[in-house]
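Data block for upload_12.tsv (TSV, C-alpha atoms):
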```tsv
chain	number	residue	atom	x	y	z
A	25	MET	CA	0.00	0.00	0.00
A	26	ARG	CA	2.84	2.38	0.85
A	27	LEU	CA	4.51	1.65	-2.49
A	28	ALA	CA	1.31	2.49	-4.38
A	29	ALA	CA	0.88	5.73	-2.42
A	30	GLY	CA	4.50	6.66	-3.05
A	31	LEU	CA	4.15	5.97	-6.77
A	32	LEU	CA	0.98	8.08	-6.89
A	33	VAL	CA	2.72	11.00	-5.17
A	34	ALA	CA	5.72	10.72	-7.53
A	35	ALA	CA	3.50	10.56	-10.61
A	36	THR	CA	1.50	13.58	-9.44
A	37	ALA	CA	4.69	15.56	-8.80
A	38	LEU	CA	6.07	14.70	-12.26
A	39	PHE	CA	2.79	15.70	-13.91
A	40	ALA	CA	2.74	19.02	-12.05
A	41	LEU	CA	6.35	19.70	-13.02
A	42	ALA	CA	5.59	18.96	-16.68
A	43	VAL	CA	2.61	21.33	-16.63
A	44	ILE	CA	4.71	24.09	-15.05
A	45	LEU	CA	7.70	23.70	-17.39
A	46	ARG	CA	5.81	23.12	-20.65
A	47	PRO	CA	5.35	26.82	-21.54
A	48	TRP	CA	9.08	27.38	-21.00
A	49	SER	CA	10.10	24.73	-23.53
A	50	PRO	CA	11.33	26.11	-26.87
A	51	LYS	CA	8.93	25.63	-29.78
A	52	PRO	CA	9.97	25.73	-33.45
A	53	TYR	CA	9.29	29.16	-34.93
A	54	HIS	CA	9.36	30.38	-38.53
A	55	GLY	CA	9.28	34.14	-38.93
A	56	GLU	CA	8.84	36.52	-41.82
A	57	GLY	CA	8.72	40.27	-41.34
A	58	THR	CA	11.11	43.12	-40.60
A	59	VAL	CA	13.90	43.75	-38.15
A	60	GLY	CA	13.03	46.20	-35.38
A	61	SER	CA	15.33	48.01	-32.99
A	62	PHE	CA	15.25	48.09	-29.20
A	63	ILE	CA	17.75	49.71	-26.86
A	64	TRP	CA	19.55	46.46	-25.93
A	65	CYS	CA	18.75	44.16	-28.84
A	66	LEU	CA	17.10	43.77	-32.20
A	67	GLY	CA	13.56	42.54	-32.53
A	68	PHE	CA	11.30	40.89	-35.03
A	69	VAL	CA	8.18	42.61	-36.37
A	70	PRO	CA	5.92	39.94	-37.90
A	71	GLU	CA	3.89	40.84	-40.96
A	72	ASP	CA	0.71	40.42	-38.90
A	73	GLY	CA	1.88	42.97	-36.29
A	74	GLY	CA	3.40	42.92	-32.83
A	75	VAL	CA	7.06	42.94	-31.86
A	76	ILE	CA	9.15	40.14	-30.35
A	77	PRO	CA	12.74	40.75	-29.23
A	78	ILE	CA	15.40	38.44	-30.63
A	79	SER	CA	17.62	37.44	-27.72
A	80	ASN	CA	19.94	35.00	-29.46
A	81	TRP	CA	21.56	35.05	-32.91
A	82	PRO	CA	23.78	32.41	-34.55
A	83	ALA	CA	27.35	32.27	-33.27
A	84	GLY	CA	29.58	35.09	-34.47
A	85	LEU	CA	26.78	37.65	-34.84
A	86	VAL	CA	26.34	40.55	-32.43
A	87	ALA	CA	23.25	42.79	-32.21
A	88	TYR	CA	23.47	46.46	-31.28
A	89	GLY	CA	19.87	47.46	-30.74
A	90	TYR	CA	20.62	51.10	-29.99
A	91	ASP	CA	22.28	51.41	-33.41
A	92	GLY	CA	19.76	49.05	-35.03
A	93	VAL	CA	22.38	46.77	-36.58
A	94	LEU	CA	23.54	43.15	-36.56
A	95	LEU	CA	27.27	42.69	-37.13
A	96	ASP	CA	29.22	39.63	-38.23
A	97	SER	CA	32.45	38.58	-36.51
A	98	GLY	CA	34.44	40.96	-38.73
A	99	GLY	CA	32.32	43.96	-37.74
A	100	LYS	CA	30.45	44.15	-41.06
A	101	VAL	CA	26.76	45.13	-40.88
A	102	VAL	CA	24.66	42.18	-42.08
A	103	LEU	CA	21.20	43.42	-40.99
A	104	ARG	CA	19.71	46.82	-40.18
A	105	SER	CA	16.49	47.85	-38.51
A	106	GLY	CA	13.83	47.88	-41.22
A	107	ASP	CA	15.39	45.07	-43.29
A	108	HIS	CA	13.09	42.24	-44.31
A	109	ILE	CA	14.02	38.92	-42.71
A	110	THR	CA	12.91	35.32	-42.99
A	111	PHE	CA	14.24	32.97	-40.33
A	112	ASP	CA	13.89	29.66	-38.54
A	113	GLY	CA	14.49	29.34	-34.84
A	114	THR	CA	12.70	28.77	-31.56
A	115	LEU	CA	10.29	30.74	-29.43
A	116	ARG	CA	9.97	30.20	-25.70
A	117	GLU	CA	8.47	31.92	-22.71
A	118	SER	CA	10.80	33.57	-20.22
A	119	ASP	CA	10.69	35.16	-16.80
A	120	GLY	CA	11.79	38.46	-18.35
A	121	ASP	CA	15.49	38.01	-17.55
A	122	THR	CA	16.58	38.45	-21.19
A	123	PRO	CA	18.60	41.09	-23.05
A	124	CYS	CA	15.33	42.90	-23.77
A	125	THR	CA	13.64	41.91	-20.47
A	126	ASN	CA	10.73	40.45	-22.37
A	127	THR	CA	8.59	37.43	-21.61
A	128	GLN	CA	9.06	35.85	-25.05
A	129	VAL	CA	12.47	34.87	-26.38
A	130	ILE	CA	13.35	34.17	-30.01
A	131	THR	CA	16.51	32.29	-30.83
A	132	VAL	CA	17.43	32.60	-34.51
A	133	GLU	CA	19.13	29.49	-35.87
A	134	ARG	CA	19.34	30.57	-39.53
A	135	TYR	CA	18.09	33.60	-41.41
A	136	GLU	CA	17.88	35.13	-44.85
A	137	ARG	CA	17.91	38.85	-45.42
A	138	GLY	CA	15.45	40.29	-47.92
A	139	PRO	CA	15.25	43.79	-49.35
A	140	GLY	CA	15.35	46.62	-46.86
A	141	PRO	CA	15.88	50.34	-46.46
A	142	SER	CA	19.63	50.00	-46.89
A	143	ASP	CA	19.19	48.66	-50.47
```
Can I see the file as structure tokens?
Amino acid sequence: MRLAAGLLVAATALFALAVILRPWSPKPYHGEGTVGSFIWCLGFVPEDGGVIPISNWPAGLVAYGYDGVLLDSGGKVVLRSGDHITFDGTLRESDGDTPCTNTQVITVERYERGPGPSD
């Protein structure tokens, strides 16, 4: 009887943990829209509206939100605020402890720049 009660408690605890952590798990995300600028990072402006900060870019890229640019490892500008972008990555919920202190976090895994104001 004790074993059954212990298993029930363990199963309930695991279920509760899964329910709590599920929103925090990254979900695949495909985006198409424009690059927006924040003070501390760049963001994504979907074609259907809204703004979501991009907290993580592929290795070697650095975002300067105040200047509205994304630089490669050599310091060359590869994206500017207002540029069109299509990308694949992940979207997850956060506690707000992100470069843009937002509750949604986009991690870009690969992107393609489209036409923008710098063209």
| Non-local contacts of Arg134 of chain A (9 Å; all atoms listed in the file; under 4 positions in same chain excluded) as an MDAnalysis selection string | chainID A and resid 81:82 110:113
Taken to one decimal, the atom CA of Ser49 of chain A-atom CA of Gly67 of chain A distance is 20.3 Å
Between atom CA of Gly60 of chain A and atom CA of Gly106 of chain A lies a distance of 6.1 Å
Write out as a PDB file with C-alpha atoms, in the coordinates of the input each polymer residue whose atoms come within 12 Å of Val132 of chain A, counting only C-alpha atoms; drop sequence neighbours fewer than 5 positions from it.
```pdb
ATOM      1  CA  PRO A  50      11.330  26.110 -26.870  1.00  0.00           C
ATOM      2  CA  LYS A  51       8.930  25.630 -29.780  1.00  0.00           C
ATOM      3  CA  PRO A  52       9.970  25.730 -33.450  1.00  0.00           C
ATOM      4  CA  TYR A  53       9.290  29.160 -34.930  1.00  0.00           C
ATOM      5  CA  HIS A  54       9.360  30.380 -38.530  1.00  0.00           C
ATOM      6  CA  GLY A  55       9.280  34.140 -38.930  1.00  0.00           C
ATOM      7  CA  GLU A  56       8.840  36.520 -41.820  1.00  0.00           C
ATOM      8  CA  LEU A  66      17.100  43.770 -32.200  1.00  0.00           C
ATOM      9  CA  GLY A  67      13.560  42.540 -32.530  1.00  0.00           C
ATOM     10  CA  PHE A  68      11.300  40.890 -35.030  1.00  0.00           C
ATOM     11  CA  ILE A  76       9.150  40.140 -30.350  1.00  0.00           C
ATOM     12  CA  PRO A  77      12.740  40.750 -29.230  1.00  0.00           C
ATOM     13  CA  ILE A  78      15.400  38.440 -30.630  1.00  0.00           C
ATOM     14  CA  SER A  79      17.620  37.440 -27.720  1.00  0.00           C
ATOM     15  CA  ASN A  80      19.940  35.000 -29.460  1.00  0.00           C
ATOM     16  CA  TRP A  81      21.560  35.050 -32.910  1.00  0.00           C
ATOM     17  CA  PRO A  82      23.780  32.410 -34.550  1.00  0.00           C
ATOM     18  CA  ALA A  83      27.350  32.270 -33.270  1.00  0.00           C
ATOM     19  CA  LEU A  85      26.780  37.650 -34.840  1.00  0.00           C
ATOM     20  CA  ALA A  87      23.250  42.790 -32.210  1.00  0.00           C
ATOM     21  CA  ILE A 109      14.020  38.920 -42.710  1.00  0.00           C
ATOM     22  CA  THR A 110      12.910  35.320 -42.990  1.00  0.00           C
ATOM     23  CA  PHE A 111      14.240  32.970 -40.330  1.00  0.00           C
ATOM     24  CA  ASP A 112      13.890  29.660 -38.540  1.00  0.00           C
ATOM     25  CA  GLY A 113      14.490  29.340 -34.840  1.00  0.00           C
ATOM     26  CA  THR A 114      12.700  28.770 -31.560  1.00  0.00           C
ATOM     27  CA  LEU A 115      10.290  30.740 -29.430  1.00  0.00           C
ATOM     28  CA  ARG A 116       9.970  30.200 -25.700  1.00  0.00           C
TER      29      ARG A 116
END
```
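Atom to atom, atom CA of Asp96 of chain A and atom CA of Asp72 of chain A stand 28.5 Å apart.
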